[in-house]
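What's in start02.txt: compact mmCIF, C-alpha atoms and all ligand atoms
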# COMPACT_ATOMS: atom_id res chain seq x y z
CA MET A 1 11.63 4.53 13.52
CA LYS A 2 9.02 4.17 10.77
CA ARG A 3 6.54 1.32 10.80
CA LEU A 4 6.36 0.10 7.21
CA ALA A 5 3.95 -2.07 5.24
CA VAL A 6 5.12 -3.41 1.87
CA PHE A 7 2.56 -4.41 -0.75
CA ALA A 8 3.67 -6.86 -3.46
CA SER A 9 2.16 -9.29 -5.97
CA GLY A 10 5.19 -11.19 -7.24
CA SER A 11 8.79 -12.02 -6.54
CA GLY A 12 9.33 -9.42 -3.86
CA SER A 13 12.97 -8.49 -4.46
CA ASN A 14 12.10 -4.92 -3.43
CA PHE A 15 10.34 -6.25 -0.34
CA GLU A 16 13.56 -8.06 0.53
CA ALA A 17 15.73 -4.98 -0.09
CA ILE A 18 13.55 -2.99 2.32
CA ALA A 19 13.34 -5.77 4.92
CA GLU A 20 17.10 -6.33 4.72
CA GLY A 21 17.69 -2.58 5.03
CA CYS A 22 15.63 -2.55 8.22
CA ARG A 23 17.39 -5.62 9.58
CA SER A 24 20.87 -4.24 8.92
CA GLY A 25 20.04 -0.77 10.21
CA ALA A 26 20.41 0.90 6.77
CA VAL A 27 16.72 1.84 6.99
CA ASP A 28 15.43 3.63 10.06
CA GLY A 29 12.31 1.51 10.17
CA SER A 30 10.74 -1.85 10.61
CA VAL A 31 8.60 -3.84 8.17
CA VAL A 32 5.55 -4.79 10.23
CA LEU A 33 3.40 -6.16 7.41
CA CYS A 34 3.57 -7.63 3.92
CA VAL A 35 0.33 -7.38 1.92
CA CYS A 36 0.01 -9.76 -1.03
CA ASP A 37 -2.96 -10.17 -3.39
CA LYS A 38 -1.54 -13.32 -5.04
CA PRO A 39 -1.61 -16.42 -2.86
CA GLY A 40 1.51 -18.41 -3.78
CA ALA A 41 3.64 -15.41 -4.78
CA TYR A 42 7.32 -15.75 -3.87
CA VAL A 43 7.20 -12.59 -1.75
CA VAL A 44 5.28 -14.63 0.86
CA GLU A 45 8.31 -16.94 1.27
CA ARG A 46 10.62 -13.96 1.61
CA ALA A 47 8.36 -12.44 4.27
CA LYS A 48 8.42 -15.70 6.23
CA ARG A 49 12.21 -15.71 6.11
CA TYR A 50 12.25 -12.23 7.64
CA GLY A 51 9.58 -13.09 10.19
CA VAL A 52 7.26 -10.45 8.74
CA GLU A 53 3.52 -10.94 9.15
CA CYS A 54 1.78 -11.48 5.82
CA LEU A 55 -1.74 -10.51 4.86
CA VAL A 56 -2.45 -12.68 1.82
CA PHE A 57 -5.83 -12.43 0.18
CA ASN A 58 -7.63 -13.32 -3.02
CA PRO A 59 -9.46 -10.26 -4.37
CA LYS A 60 -12.02 -12.54 -6.08
CA GLU A 61 -13.31 -13.56 -2.68
CA PHE A 62 -14.47 -10.01 -1.97
CA GLY A 63 -17.52 -8.23 -3.38
CA SER A 64 -15.57 -5.10 -4.38
CA LYS A 65 -12.23 -3.30 -4.20
CA ARG A 66 -13.60 -1.14 -1.39
CA GLU A 67 -14.27 -4.26 0.66
CA PHE A 68 -10.79 -5.74 0.43
CA GLU A 69 -9.18 -2.34 0.84
CA ARG A 70 -11.22 -1.82 4.02
CA MET A 71 -9.82 -5.09 5.37
CA ILE A 72 -6.28 -3.95 4.46
CA ALA A 73 -6.71 -0.45 5.93
CA ASP A 74 -8.12 -1.89 9.17
CA LYS A 75 -5.01 -4.07 9.44
CA LEU A 76 -2.75 -1.07 8.75
CA ASP A 77 -4.57 0.85 11.49
CA SER A 78 -4.20 -1.98 13.98
CA LEU A 79 -0.44 -2.17 13.33
CA GLU A 80 -0.06 1.63 13.40
CA VAL A 81 1.62 1.71 10.01
CA ASP A 82 3.30 5.02 9.12
CA LEU A 83 4.20 4.37 5.49
CA VAL A 84 2.92 2.00 2.80
CA CYS A 85 5.52 1.02 0.20
CA LEU A 86 4.13 -0.46 -3.00
CA ALA A 87 6.70 -2.79 -4.53
CA GLY A 88 5.32 -4.57 -7.55
CA TYR A 89 1.73 -4.50 -6.25
CA MET A 90 -0.13 -4.95 -9.53
CA ARG A 91 -3.34 -3.14 -8.60
CA ILE A 92 -4.54 0.42 -8.79
CA ILE A 93 -5.03 1.78 -5.28
CA GLY A 94 -8.71 2.62 -4.78
CA ASP A 95 -10.72 5.19 -2.88
CA GLU A 96 -10.82 3.40 0.48
CA LEU A 97 -7.02 3.25 0.84
CA LEU A 98 -6.54 6.72 -0.65
CA GLU A 99 -9.09 8.22 1.75
CA ARG A 100 -7.47 6.60 4.78
CA TYR A 101 -3.77 6.45 3.83
CA GLY A 102 -3.43 9.12 1.13
CA GLY A 103 -0.08 10.94 1.42
CA ARG A 104 1.41 7.92 3.16
CA ILE A 105 1.55 5.56 0.17
CA ILE A 106 4.55 5.48 -2.17
CA ASN A 107 5.27 3.40 -5.26
CA ILE A 108 8.35 2.36 -7.18
CA HIS A 109 8.25 2.41 -10.97
CA PRO A 110 11.01 0.99 -13.21
CA ALA A 111 11.22 3.97 -15.60
CA LEU A 112 11.82 7.70 -15.51
CA LEU A 113 8.25 8.97 -15.12
CA PRO A 114 6.35 10.62 -16.69
CA ALA A 115 7.85 8.50 -19.49
CA PHE A 116 6.71 4.89 -19.77
CA PRO A 117 3.99 4.56 -17.11
CA GLY A 118 2.03 1.32 -16.78
CA ALA A 119 2.82 -2.31 -16.18
CA HIS A 120 5.69 -2.72 -18.69
CA GLY A 121 7.93 0.28 -18.08
CA ILE A 122 11.22 -1.49 -18.78
CA ARG A 123 10.05 -3.26 -21.91
CA ASP A 124 8.36 -0.15 -23.30
CA ALA A 125 11.49 1.97 -22.80
CA PHE A 126 13.67 -0.78 -24.32
CA GLU A 127 11.45 -1.09 -27.38
CA TYR A 128 11.41 2.67 -27.78
CA GLY A 129 15.20 2.59 -27.82
CA VAL A 130 16.08 5.04 -25.05
CA LYS A 131 19.71 5.30 -23.95
CA VAL A 132 19.03 6.40 -20.38
CA TYR A 133 16.61 4.27 -18.34
CA GLY A 134 15.83 4.73 -14.69
CA VAL A 135 13.69 4.33 -11.61
CA THR A 136 11.10 6.63 -10.01
CA ILE A 137 9.57 6.65 -6.53
CA HIS A 138 6.44 8.73 -6.21
CA TYR A 139 3.46 9.35 -3.96
CA VAL A 140 0.36 7.43 -4.98
CA ASP A 141 -2.80 9.26 -5.96
CA ALA A 142 -5.80 8.36 -8.10
CA THR A 143 -3.79 8.60 -11.34
CA LEU A 144 -1.78 5.75 -12.89
CA ASP A 145 1.88 6.35 -11.95
CA GLY A 146 1.14 10.09 -11.90
CA GLY A 147 1.60 11.17 -8.26
CA LYS A 148 4.21 13.67 -7.04
CA ILE A 149 7.75 12.42 -7.65
CA ILE A 150 9.95 11.92 -4.57
CA SER A 151 13.14 10.55 -6.08
CA GLN A 152 14.60 9.29 -9.34
CA VAL A 153 17.81 7.69 -10.51
CA ALA A 154 19.07 7.30 -14.06
CA VAL A 155 20.40 4.01 -15.41
CA PRO A 156 22.37 4.56 -18.64
CA TYR A 157 22.38 1.49 -20.90
CA GLU A 158 23.18 1.19 -24.58
CA GLY A 159 23.33 -2.59 -24.86
CA SER A 160 20.78 -4.93 -26.43
CA ASP A 161 20.22 -7.51 -23.70
CA ILE A 162 16.93 -6.82 -21.91
CA GLU A 163 17.71 -9.29 -19.13
CA GLU A 164 20.96 -7.53 -18.35
CA LEU A 165 19.07 -4.23 -18.39
CA GLU A 166 16.37 -5.57 -16.05
CA ALA A 167 19.00 -6.73 -13.58
CA MET A 168 20.63 -3.28 -13.62
CA ILE A 169 17.29 -1.56 -13.07
CA HIS A 170 16.36 -3.89 -10.21
CA ARG A 171 19.68 -3.19 -8.48
CA ALA A 172 19.01 0.54 -8.85
CA GLU A 173 15.49 0.06 -7.44
CA HIS A 174 16.70 -1.71 -4.33
CA LYS A 175 19.19 1.04 -3.53
CA LEU A 176 16.78 3.89 -4.28
CA TYR A 177 13.96 2.43 -2.16
CA VAL A 178 16.19 2.23 0.91
CA GLU A 179 17.50 5.78 0.41
CA THR A 180 14.03 7.18 -0.24
CA ILE A 181 12.39 5.65 2.83
CA ASN A 182 15.09 7.31 4.93
CA LYS A 183 14.56 10.62 3.15
CA ILE A 184 10.80 10.81 3.74
C1 LIG A 201 9.71 -3.74 -9.92
O1 LIG A 201 10.40 -3.58 -11.12
C2 LIG A 201 8.85 -2.55 -9.63
O2 LIG A 201 9.41 -1.35 -10.08
C3 LIG A 201 7.61 -2.85 -10.42
O3 LIG A 201 7.42 -4.23 -10.25
C4 LIG A 201 8.68 -4.87 -10.03
C5 LIG A 201 8.59 -5.69 -8.78
O4 LIG A 201 9.71 -6.51 -8.59
N1 LIG A 201 6.52 -2.01 -10.00
P1 LIG A 201 9.89 -7.31 -7.23
O5 LIG A 201 8.64 -8.13 -6.99
O6 LIG A 201 10.13 -6.32 -6.13
O7 LIG A 201 11.09 -8.20 -7.45
Show me, as structure tokens, the structure contained in the file I just sent.
Amino acid sequence: MKRLAVFASGSGSNFEAIAEGCRSGAVDGSVVLCVCDKPGAYVVERAKRYGVECLVFNPKEFGSKREFERMIADKLDSLEVDLVCLAGYMRIIGDELLERYGGRIINIHPALLPAFPGAHGIRDAFEYGVKVYGVTIHYVDATLDGGKIISQVAVPYEGSDIEELEAMIHRAEHKLYVETINKI
């Protein structure tokens, strides 16, 4: 049974997919911590609903990234976290977390990497006009969306409605995250 921490900055639909997977038994694990760098983000509500402890912080109240990452890594240590799942955490992971949790941090990206890295993977692929979209889960290293790929799924779409496309990609993300956590 893996002890999971999920990091998120926004809505947290992937957080919920993972937490629900753990609750239902689809994931062989338990979410022991939600880490959120945006006080007020909806993921905090979702975490409450699942009874998951939340570490919410404002990065501006720290002197440096190393300082807030030290606080996070100390918390991960104290909860004996096995795997960190980034799910819409809109920050580059820095040296402190990589030194202490490297190889145990994974990220989900809403495009078929190495195509369309960065913060707007879906929009960039849509504007490019691809016909096959997708989702990637990869290990996190010091590069932007460049760590070793663990799993991918393709999402074919030839329509012109980006909202419909986003919904399809999010559904694919939720399924792939659950499957991938089990696979690791
Ligand atoms: C997802 O599309 C994820 O791939 C990206 O950010 C989004 C987060 O969505 N990194 P949510 O907060 O899990 O709903």
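Once only C-alpha atoms are considered, the residues situated within 7 Å of the file point (11.5, -3.5, -17.8) turn out to be Pro110, His120, Gly121, Ile122, Arg123 and Glu166 of chain A.
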Selection: 10 Å around range 57-62 of chain A, only C-alpha atoms, excl. self and same-chain fewer than 2 positions, as a PyMOL selection string: chain A and resi 35-39+54-55+64-69+71-72
Mind dumping the selected residues with C-alpha atoms as a compact mmCIF listing (two decimals), in the frame of the given file?
# COMPACT_ATOMS: atom_id res chain seq x y z
CA VAL A 35 0.33 -7.38 1.92
CA CYS A 36 0.01 -9.76 -1.03
CA ASP A 37 -2.96 -10.17 -3.39
CA LYS A 38 -1.54 -13.32 -5.04
CA PRO A 39 -1.61 -16.42 -2.86
CA CYS A 54 1.78 -11.48 5.82
CA LEU A 55 -1.74 -10.51 4.86
CA SER A 64 -15.57 -5.10 -4.38
CA LYS A 65 -12.23 -3.30 -4.20
CA ARG A 66 -13.60 -1.14 -1.39
CA GLU A 67 -14.27 -4.26 0.66
CA PHE A 68 -10.79 -5.74 0.43
CA GLU A 69 -9.18 -2.34 0.84
CA MET A 71 -9.82 -5.09 5.37
CA ILE A 72 -6.28 -3.95 4.46
Enumerate residues in contact with ligand LIG 201 (chain A): an atom-to-atom distance of at most 7 Å, counting all atoms listed in the file. Format the result as an MDAnalysis selection string. chainID A and resid 8:15 87:89 108:110 170 173
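In terms of minimum interatomic distance to Ala26 in chain A, A:Lys183 ranks closest within A:Lys148, A:Arg104, A:Arg70, A:Lys183, counting all atoms listed in the file.
Nearest to Leu4 in chain A of all the residues A:Ser30, A:Gln152, A:Ser160, A:Asn182 is A:Ser30, based on only C-alpha atoms.
Shortest atom-to-atom contact with Leu86 in chain A among A:Val52, A:Leu113, A:Leu33, A:Ile162: A:Leu33, counting all atoms listed in the file.
In this structure, CA of Ile150 in chain A sits 9.7 Å away from CA of Asn107 in chain A.
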Around the point (11.5, 6.1, -3.7) (coordinates from the file), which residues reach within 8 Å if we count all atoms listed in the file? Answer as a ChimeraX atom specification. /A:106-108,136-138,150-152,176-181
Could you work out how far CA of Leu112 in chain A lies from CA of Leu144 in chain A, giving the answer in Å with one decimal? 14.0 Å
Contacts of Val6 in chain A at 6 Å or less, counting only C-alpha atoms, minus same-chain residues fewer than 2 places along, as a PDB file with C-alpha atoms, in the coordinates of the input?
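So the final result, stored in out_20.pdb, reads:
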ATOM      1  CA  CYS A  34       3.570  -7.630   3.920  1.00  0.00           C
ATOM      2  CA  VAL A  84       2.920   2.000   2.800  1.00  0.00           C
ATOM      3  CA  CYS A  85       5.520   1.020   0.200  1.00  0.00           C
ATOM      4  CA  LEU A  86       4.130  -0.460  -3.000  1.00  0.00           C
TER       5      LEU A  86
END
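Taking CA of Val140 in chain A as the reference point, CA of Asp124 in chain A is found at 21.4 Å.
If all atoms listed in the file are the atoms counted, then among A:Ala142, A:Ala115, A:Val81, A:Val130 the closest residue to Gly102 in chain A is A:Ala142.
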Given all atoms listed in the file as the counted atoms, nearest of A:Ile92, A:Ala125, A:Leu165, A:Val155 to Asp141 in chain A: A:Ile92
Show me, as lines of an AutoDock Vina configuration file, the centre and edge lengths in Å to one decimal of the axis-aligned box that covers every listed atom of range 90-99 of chain A with 4 Å on each side.
center_x = -5.5
center_y = 1.6
center_z = -3.9
size_x = 18.7
size_y = 21.2
size_z = 19.3
Using all atoms listed in the file, can you tell me which of A:Met1, A:Phe126, A:Arg49, A:Leu79 comes closest to Glu163 in chain A? A:Phe126
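For Ala19 in chain A, the non-local neighbours within 8 Å, defined as residues at least 3 positions apart in the same chain or in other chains and counting only C-alpha atoms, are Phe15, Glu16, Cys22, Arg23, Ser30, Val31 and Tyr50 of chain A.
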